[in-house]
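Visitor: Pasting protein_20.cif here (mmCIF, C-alpha atoms):
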```cif
data_my_file
#
loop_
_atom_site.label_atom_id
_atom_site.label_comp_id
_atom_site.auth_asym_id
_atom_site.auth_seq_id
_atom_site.Cartn_x
_atom_site.Cartn_y
_atom_site.Cartn_z
CA MET A 1 127.57 98.35 76.31
CA SER A 2 124.13 97.53 77.72
CA ARG A 3 121.19 99.87 77.34
CA ARG A 4 119.47 100.85 80.57
CA ILE A 5 116.02 101.04 82.08
CA ILE A 6 116.00 103.33 85.12
CA ILE A 7 113.75 102.30 88.00
CA VAL A 8 112.77 105.31 90.12
CA THR A 9 111.53 104.89 93.68
CA ALA A 10 110.65 107.58 96.19
CA VAL A 11 110.71 106.32 99.78
CA HIS A 12 110.16 107.68 103.26
CA ALA A 13 110.79 106.04 106.62
CA PRO A 14 107.35 104.42 107.15
CA SER A 15 107.54 102.57 103.81
CA ALA A 16 111.23 101.65 103.86
CA HIS A 17 110.68 98.11 105.18
CA PHE A 18 108.78 97.28 101.97
CA LEU A 19 111.88 97.84 99.83
CA ALA A 20 112.92 94.20 100.25
CA ASP A 21 109.74 93.01 98.50
CA ALA A 22 110.12 95.61 95.77
CA TYR A 23 113.70 94.47 95.22
CA LYS A 24 112.68 90.82 95.02
CA SER A 25 110.15 91.67 92.31
CA LEU A 26 112.76 93.67 90.42
CA ARG A 27 115.38 90.92 90.54
CA ALA A 28 112.82 88.51 89.07
CA GLN A 29 112.47 90.60 85.89
CA GLU A 30 113.96 89.20 82.70
CA LEU A 31 115.18 91.61 80.02
CA PRO A 32 116.26 91.03 76.42
CA ALA A 33 119.94 90.62 75.68
CA GLY A 34 121.76 93.94 75.78
CA TRP A 35 119.49 95.51 78.41
CA GLU A 36 119.93 96.09 82.13
CA TRP A 37 118.20 97.98 84.93
CA HIS A 38 119.53 100.56 87.38
CA TRP A 39 117.45 101.28 90.49
CA LEU A 40 117.43 104.84 91.85
CA ILE A 41 116.08 104.96 95.41
CA GLN A 42 115.53 108.52 96.61
CA GLU A 43 114.61 109.16 100.21
CA ASP A 44 112.14 111.99 100.73
CA GLY A 45 114.10 113.30 103.69
CA THR A 46 117.43 112.78 105.43
CA THR A 47 116.67 110.33 108.22
CA ASP A 48 118.77 107.36 109.30
CA GLN A 49 115.76 105.01 109.01
CA VAL A 50 115.78 104.20 105.28
CA ALA A 51 119.39 103.30 104.46
CA PRO A 52 119.36 100.05 106.50
CA HIS A 53 116.58 98.76 104.23
CA VAL A 54 118.34 99.54 100.94
CA PRO A 55 119.58 96.28 99.37
CA ASP A 56 123.30 95.82 98.81
CA ASP A 57 123.50 95.70 95.03
CA GLU A 58 125.83 97.59 92.68
CA ARG A 59 122.83 98.22 90.42
CA ILE A 60 121.24 100.40 93.11
CA THR A 61 121.93 104.08 93.81
CA PHE A 62 120.58 105.48 97.08
CA LYS A 63 120.32 109.22 97.65
CA GLN A 64 118.70 111.51 100.21
CA GLY A 65 117.34 115.04 100.07
CA ARG A 66 115.17 117.47 101.94
CA ALA A 67 111.56 116.37 102.22
CA GLY A 68 109.19 117.67 99.57
CA GLY A 69 106.89 114.79 98.79
CA PRO A 70 107.18 111.84 96.39
CA GLY A 71 107.03 113.97 93.25
CA VAL A 72 110.00 116.05 94.35
CA ALA A 73 111.94 112.92 95.35
CA ARG A 74 111.32 111.21 92.01
CA THR A 75 112.15 114.32 90.00
CA ILE A 76 115.45 114.99 91.76
CA ALA A 77 116.35 111.32 91.34
CA LEU A 78 116.36 111.96 87.57
CA ALA A 79 119.73 113.69 88.04
CA ASN A 80 121.16 110.15 88.10
CA ALA A 81 118.91 108.69 85.40
CA ASP A 82 121.33 107.60 82.70
CA GLY A 83 119.04 105.32 80.70
CA GLU A 84 116.65 105.66 77.77
CA TYR A 85 113.57 104.64 79.74
CA VAL A 86 112.22 105.30 83.23
CA LYS A 87 109.99 102.89 85.14
CA ILE A 88 108.14 103.93 88.28
CA LEU A 89 108.16 101.60 91.28
CA ASP A 90 106.74 102.95 94.51
CA ALA A 91 108.52 101.63 97.60
CA ASP A 92 105.51 99.68 98.85
CA ASP A 93 104.56 98.12 95.50
CA GLN A 94 105.84 95.12 93.57
CA LEU A 95 106.42 94.57 89.86
CA ALA A 96 104.58 91.64 88.31
CA PRO A 97 106.63 89.05 86.39
CA GLY A 98 107.60 90.12 82.88
CA VAL A 99 106.34 93.69 83.04
CA LEU A 100 109.66 95.39 82.20
CA ALA A 101 110.11 93.27 79.08
CA ARG A 102 106.52 93.93 77.96
CA ASP A 103 106.79 97.69 78.49
CA LEU A 104 110.10 97.79 76.70
CA ALA A 105 108.82 95.79 73.75
CA ALA A 106 105.86 98.14 73.27
CA LEU A 107 108.01 101.27 73.09
CA GLU A 108 110.86 99.74 71.12
CA ALA A 109 108.38 98.56 68.49
CA ASP A 110 106.87 102.01 67.87
CA ARG A 111 108.75 105.28 68.17
CA GLY A 112 105.39 107.07 68.21
CA ILE A 113 104.50 105.55 71.58
CA GLY A 114 105.86 107.68 74.41
CA TRP A 115 104.77 105.73 77.48
CA ALA A 116 103.16 102.53 78.67
CA THR A 117 100.91 101.41 81.53
CA SER A 118 99.51 98.05 82.59
CA ARG A 119 96.83 96.34 84.63
CA VAL A 120 97.00 96.60 88.42
CA LEU A 121 95.98 94.28 91.23
CA ASP A 122 95.54 95.57 94.76
CA LEU A 123 97.75 93.67 97.22
CA LEU A 124 95.73 93.39 100.42
CA PRO A 125 97.14 93.09 103.96
CA ASP A 126 96.31 89.37 104.12
CA GLY A 127 98.37 88.70 100.99
CA SER A 128 95.40 88.24 98.68
CA THR A 129 94.90 90.32 95.56
CA ALA A 130 91.89 92.05 94.04
CA GLY A 131 91.29 93.51 90.61
CA PHE A 132 88.75 96.05 89.50
CA PRO A 133 86.76 96.65 86.30
CA GLY A 134 87.22 99.49 83.85
CA ASP A 135 90.51 98.70 82.14
CA PRO A 136 90.75 99.96 78.55
CA GLU A 137 91.28 97.63 75.64
CA PRO A 138 94.90 96.52 75.33
CA GLY A 139 97.01 98.38 72.81
CA ALA A 140 97.53 102.00 71.85
CA ILE A 141 96.06 104.84 73.93
CA GLU A 142 95.29 107.85 71.80
CA LEU A 143 95.85 111.51 72.65
CA GLN A 144 93.55 112.86 75.41
CA GLU A 145 91.81 109.51 75.82
CA VAL A 146 92.86 109.18 79.47
CA LEU A 147 92.30 112.87 80.17
CA ASP A 148 88.72 112.84 78.86
CA TYR A 149 87.87 109.65 80.76
CA TRP A 150 89.39 111.06 83.96
CA ALA A 151 87.42 114.31 83.68
CA ALA A 152 84.15 112.40 83.10
CA HIS A 153 84.64 109.88 85.94
CA ASP A 154 85.21 111.95 89.09
CA TYR A 155 88.93 112.40 88.41
CA ARG A 156 89.69 108.69 88.18
CA ALA A 157 91.78 107.50 85.25
CA GLN A 158 91.24 104.13 83.61
CA VAL A 159 94.99 103.40 83.76
CA HIS A 160 97.16 103.65 86.87
CA PRO A 161 100.04 106.17 87.03
CA ALA A 162 101.98 103.88 89.38
CA THR A 163 102.53 101.51 86.42
CA LEU A 164 104.15 104.15 84.22
CA PHE A 165 107.04 103.29 81.89
CA VAL A 166 108.18 106.32 79.89
CA ARG A 167 110.86 107.57 77.55
CA ARG A 168 113.34 109.57 79.60
CA ASP A 169 113.59 112.47 77.15
CA LEU A 170 109.81 112.87 77.10
CA LEU A 171 109.66 112.76 80.91
CA MET A 172 112.34 115.44 81.14
CA ALA A 173 110.64 117.61 78.52
CA LEU A 174 107.51 117.68 80.69
CA GLY A 175 109.48 118.60 83.81
CA GLY A 176 109.02 115.35 85.71
CA TRP A 177 106.30 115.15 88.34
CA MET A 178 104.00 118.00 89.30
CA ALA A 179 104.71 120.19 92.32
CA LEU A 180 101.63 119.02 94.24
CA PRO A 181 101.21 117.45 97.70
CA ALA A 182 99.47 114.49 96.04
CA SER A 183 98.20 113.44 92.59
CA GLU A 184 101.59 114.44 91.17
CA ASP A 185 101.73 111.13 89.30
CA THR A 186 98.25 111.61 87.84
CA GLY A 187 99.32 115.07 86.71
CA LEU A 188 102.27 113.59 84.85
CA LEU A 189 100.13 110.84 83.31
CA LEU A 190 97.64 113.36 81.93
CA ALA A 191 100.41 115.62 80.64
CA LEU A 192 101.85 112.64 78.80
CA ASN A 193 98.43 111.79 77.38
CA SER A 194 98.06 115.36 76.11
CA THR A 195 101.33 115.24 74.18
CA SER A 196 101.94 111.63 73.17
CA ARG A 197 100.29 108.33 72.42
CA GLY A 198 100.56 105.63 75.07
CA TRP A 199 100.14 101.89 75.47
CA PHE A 200 98.16 99.67 77.81
CA SER A 201 98.92 96.03 78.58
CA SER A 202 96.06 93.92 79.93
CA GLU A 203 98.55 91.62 81.64
CA VAL A 204 99.08 92.43 85.30
CA GLY A 205 102.07 94.74 85.67
CA LEU A 206 101.92 95.83 89.30
CA LEU A 207 100.81 94.71 92.75
CA TYR A 208 99.61 97.89 94.44
CA ARG A 209 99.93 97.45 98.18
CA LYS A 210 97.08 98.54 100.42
CA TRP A 211 98.23 99.30 103.95
CA GLU A 212 97.38 101.59 106.82
CA GLY A 213 100.32 103.93 106.43
CA GLN A 214 100.14 104.64 102.69
CA MET A 215 99.91 108.31 101.74
CA THR A 216 96.74 107.91 99.66
CA GLY A 217 94.98 106.54 102.73
CA GLN A 218 95.56 109.62 104.88
CA VAL A 219 92.79 112.09 105.74
CA ALA A 220 94.57 114.99 104.03
CA HIS A 221 94.55 113.12 100.73
CA VAL A 222 90.75 113.21 100.51
CA ASP A 223 90.23 116.72 101.89
CA THR A 224 87.58 118.12 99.56
CA ALA A 225 89.03 121.59 99.09
CA GLU A 226 92.58 120.37 98.48
CA ARG A 227 91.44 117.59 96.15
CA GLU A 228 89.45 120.04 94.05
CA ALA A 229 92.41 122.41 93.86
CA ARG A 230 94.77 119.60 92.83
CA MET A 231 92.44 118.38 90.13
CA THR A 232 91.88 121.90 88.80
CA VAL A 233 95.63 122.40 88.35
CA VAL A 234 96.16 118.91 86.91
CA GLU A 235 93.44 119.40 84.30
CA ALA A 236 94.46 122.97 83.44
CA ARG A 237 98.03 121.85 82.75
CA ALA A 238 96.93 118.93 80.61
CA ARG A 239 94.47 121.02 78.59
CA ALA A 240 97.06 123.77 78.11
CA LEU A 241 99.61 121.29 76.81
CA GLY A 242 97.02 119.90 74.43
CA SER A 243 96.13 123.35 73.12
CA LEU A 244 99.78 124.08 72.32
CA GLN A 245 99.67 121.14 69.89
CA TRP A 246 103.20 120.00 70.65
CA ARG A 247 103.37 116.29 70.02
CA TYR A 248 105.92 113.60 70.77
CA PRO A 249 107.89 112.76 68.74
CA GLY A 250 107.94 116.20 67.19
CA THR A 251 109.80 117.99 64.42
CA ALA A 252 111.71 121.25 64.42
CA ASP A 253 108.53 123.23 63.65
CA GLY A 254 106.58 121.59 66.50
CA THR A 255 104.41 119.37 64.34
CA ALA A 256 104.09 115.65 64.90
CA ALA A 257 106.66 113.51 63.18
CA ASP A 258 105.65 110.76 60.76
CA THR A 259 106.56 107.51 62.56
CA ARG A 260 105.33 105.14 59.87
#
```
Take the structure in the file and write it out as structure tokens.

Guide:
Amino acid sequence: MSRRIIIVTAVHAPSAHFLADAYKSLRAQELPAGWEWHWLIQEDGTTDQVAPHVPDDERITFKQGRAGGPGVARTIALANADGEYVKILDADDQLAPGVLARDLAALEADRGIGWATSRVLDLLPDGSTAGFPGDPEPGAIELQEVLDYWAAHDYRAQVHPATLFVRRDLLMALGGWMALPASEDTGLLLALNSTSRGWFSSEVGLLYRKWEGQMTGQVAHVDTAEREARMTVVEARARALGSLQWRYPGTADGTAADTR
């Protein structure tokens, strides 16, 4: 029986037409023998505008639910996550060639690594791409490294939460995505960094689409008061998790396990 990587995608009506490109990038992924992917597409709402864009593939499960934002949609999709690993793929983004195999290799090689991220290129409306400086060195990301950088750089992490590949049991232990109107993925990333070591690949893993309708481009997303409140909660959660000193993988007494 094949082992599974679960791809989780939250989608709403304005972004549904991008699913075809996301699917094309997923089909192009090559996995080691004995591995397969299962794509969970969860609509954030119950419209009739998303289903027509869902590809016809037995490896895809499409569900709907009452609107609550992308974090709620992704978290409820985990009810159908029957694999060892979860990979995030936003509806308007595209996976870069080889990223699933690279993420998988990093976590399979070291039980002490709980999650992986990779380099991102912005995909611009004209089809061109653009990178940006500030990536960390490739390899292991130590505890609180992302959190401390984020806090010191105006709440901007040096790795992108949209590239996340994570062990399912660790994701479930942290409760999935945060209950926030935005930055729910950053909140999860920092919670992971407070409890487990991560990995960064300097090879491009994601094309992050820039377009007029994306949620991060809306006025509400940059409202000063809301942004400050979101970041306060995100940091408080991450610091609290760190202070509890629970580490992944842990032992029965809560201490970190020896993964050597």

Visitor: Using atom CA of Leu206 of chain A and atom CA of Gln94 of chain A as the two end points, give the distance in Å to one decimal.

Guide: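 Straight-line distance from atom CA of Leu206 of chain A to atom CA of Gln94 of chain A works out to 5.8 Å.
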
Visitor: For atom CA of Ile6 of chain A and atom CA of Thr46 of chain A, determine how far apart the two atoms are, in Å to one decimal place.

Guide: 22.4 Å

Visitor: Give me, please, the distance in Å between atom CA of Ala20 of chain A and atom CA of Thr47 of chain A, quoted to one decimal.

Guide: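 Between atom CA of Ala20 of chain A and atom CA of Thr47 of chain A the gap is 18.4 Å.
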
Visitor: Quick check on the file I pasted: which residues fall under the PyMOL selection byres ((chain A and resi 228-233) around 9)? Write them as a VMD selection string.

Guide: chain A and resid 155 180 to 184 187 223 to 227 234 to 238

Visitor: Starting from the shown file, work through the PyMOL selection byres ((chain A and resi 86) around 6) and note down what comes out as a list of chain:residue names.

Guide: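 The output of the PyMOL selection byres ((chain A and resi 86) around 6) on this file is A:Ile5, A:Ile6, A:Ile7, A:Tyr85, A:Lys87, A:Phe165, A:Val166, A:Arg168.
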
Visitor: Go through A:Pro161, A:Gly127, A:Gly176, A:Gly112 and flag the residue nearest Arg247 of chain A, using all atoms listed in the file for the distances.

Guide: A:Gly112

Visitor: Residues within 12 Å of Pro136 of chain A, please, as a list in words. Count all atoms listed in the file; anything in the same chain fewer than 3 positions from it doesn't count.

Guide: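 Returned residues: Thr117, Ser118, Arg119, Phe132, Pro133, Gly139, Ala140, Ile141, Glu142, Glu145, Val146, Tyr149, Ala157, Gln158, Val159, His160, Gly198, Trp199, Phe200, Ser201, Ser202 and Glu203 of chain A.
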
Visitor: Once you have the residues from the selection above, write them out as a PDB file, keeping the file's coordinate frame, restricted to C-alpha atoms.

Guide:
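New file again.pdb:
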```
ATOM      1  CA  THR A 117     100.910 101.410  81.530  1.00  0.00           C
ATOM      2  CA  SER A 118      99.510  98.050  82.590  1.00  0.00           C
ATOM      3  CA  ARG A 119      96.830  96.340  84.630  1.00  0.00           C
ATOM      4  CA  PHE A 132      88.750  96.050  89.500  1.00  0.00           C
ATOM      5  CA  PRO A 133      86.760  96.650  86.300  1.00  0.00           C
ATOM      6  CA  GLY A 139      97.010  98.380  72.810  1.00  0.00           C
ATOM      7  CA  ALA A 140      97.530 102.000  71.850  1.00  0.00           C
ATOM      8  CA  ILE A 141      96.060 104.840  73.930  1.00  0.00           C
ATOM      9  CA  GLU A 142      95.290 107.850  71.800  1.00  0.00           C
ATOM     10  CA  GLU A 145      91.810 109.510  75.820  1.00  0.00           C
ATOM     11  CA  VAL A 146      92.860 109.180  79.470  1.00  0.00           C
ATOM     12  CA  TYR A 149      87.870 109.650  80.760  1.00  0.00           C
ATOM     13  CA  ALA A 157      91.780 107.500  85.250  1.00  0.00           C
ATOM     14  CA  GLN A 158      91.240 104.130  83.610  1.00  0.00           C
ATOM     15  CA  VAL A 159      94.990 103.400  83.760  1.00  0.00           C
ATOM     16  CA  HIS A 160      97.160 103.650  86.870  1.00  0.00           C
ATOM     17  CA  GLY A 198     100.560 105.630  75.070  1.00  0.00           C
ATOM     18  CA  TRP A 199     100.140 101.890  75.470  1.00  0.00           C
ATOM     19  CA  PHE A 200      98.160  99.670  77.810  1.00  0.00           C
ATOM     20  CA  SER A 201      98.920  96.030  78.580  1.00  0.00           C
ATOM     21  CA  SER A 202      96.060  93.920  79.930  1.00  0.00           C
ATOM     22  CA  GLU A 203      98.550  91.620  81.640  1.00  0.00           C
TER      23      GLU A 203
END
```
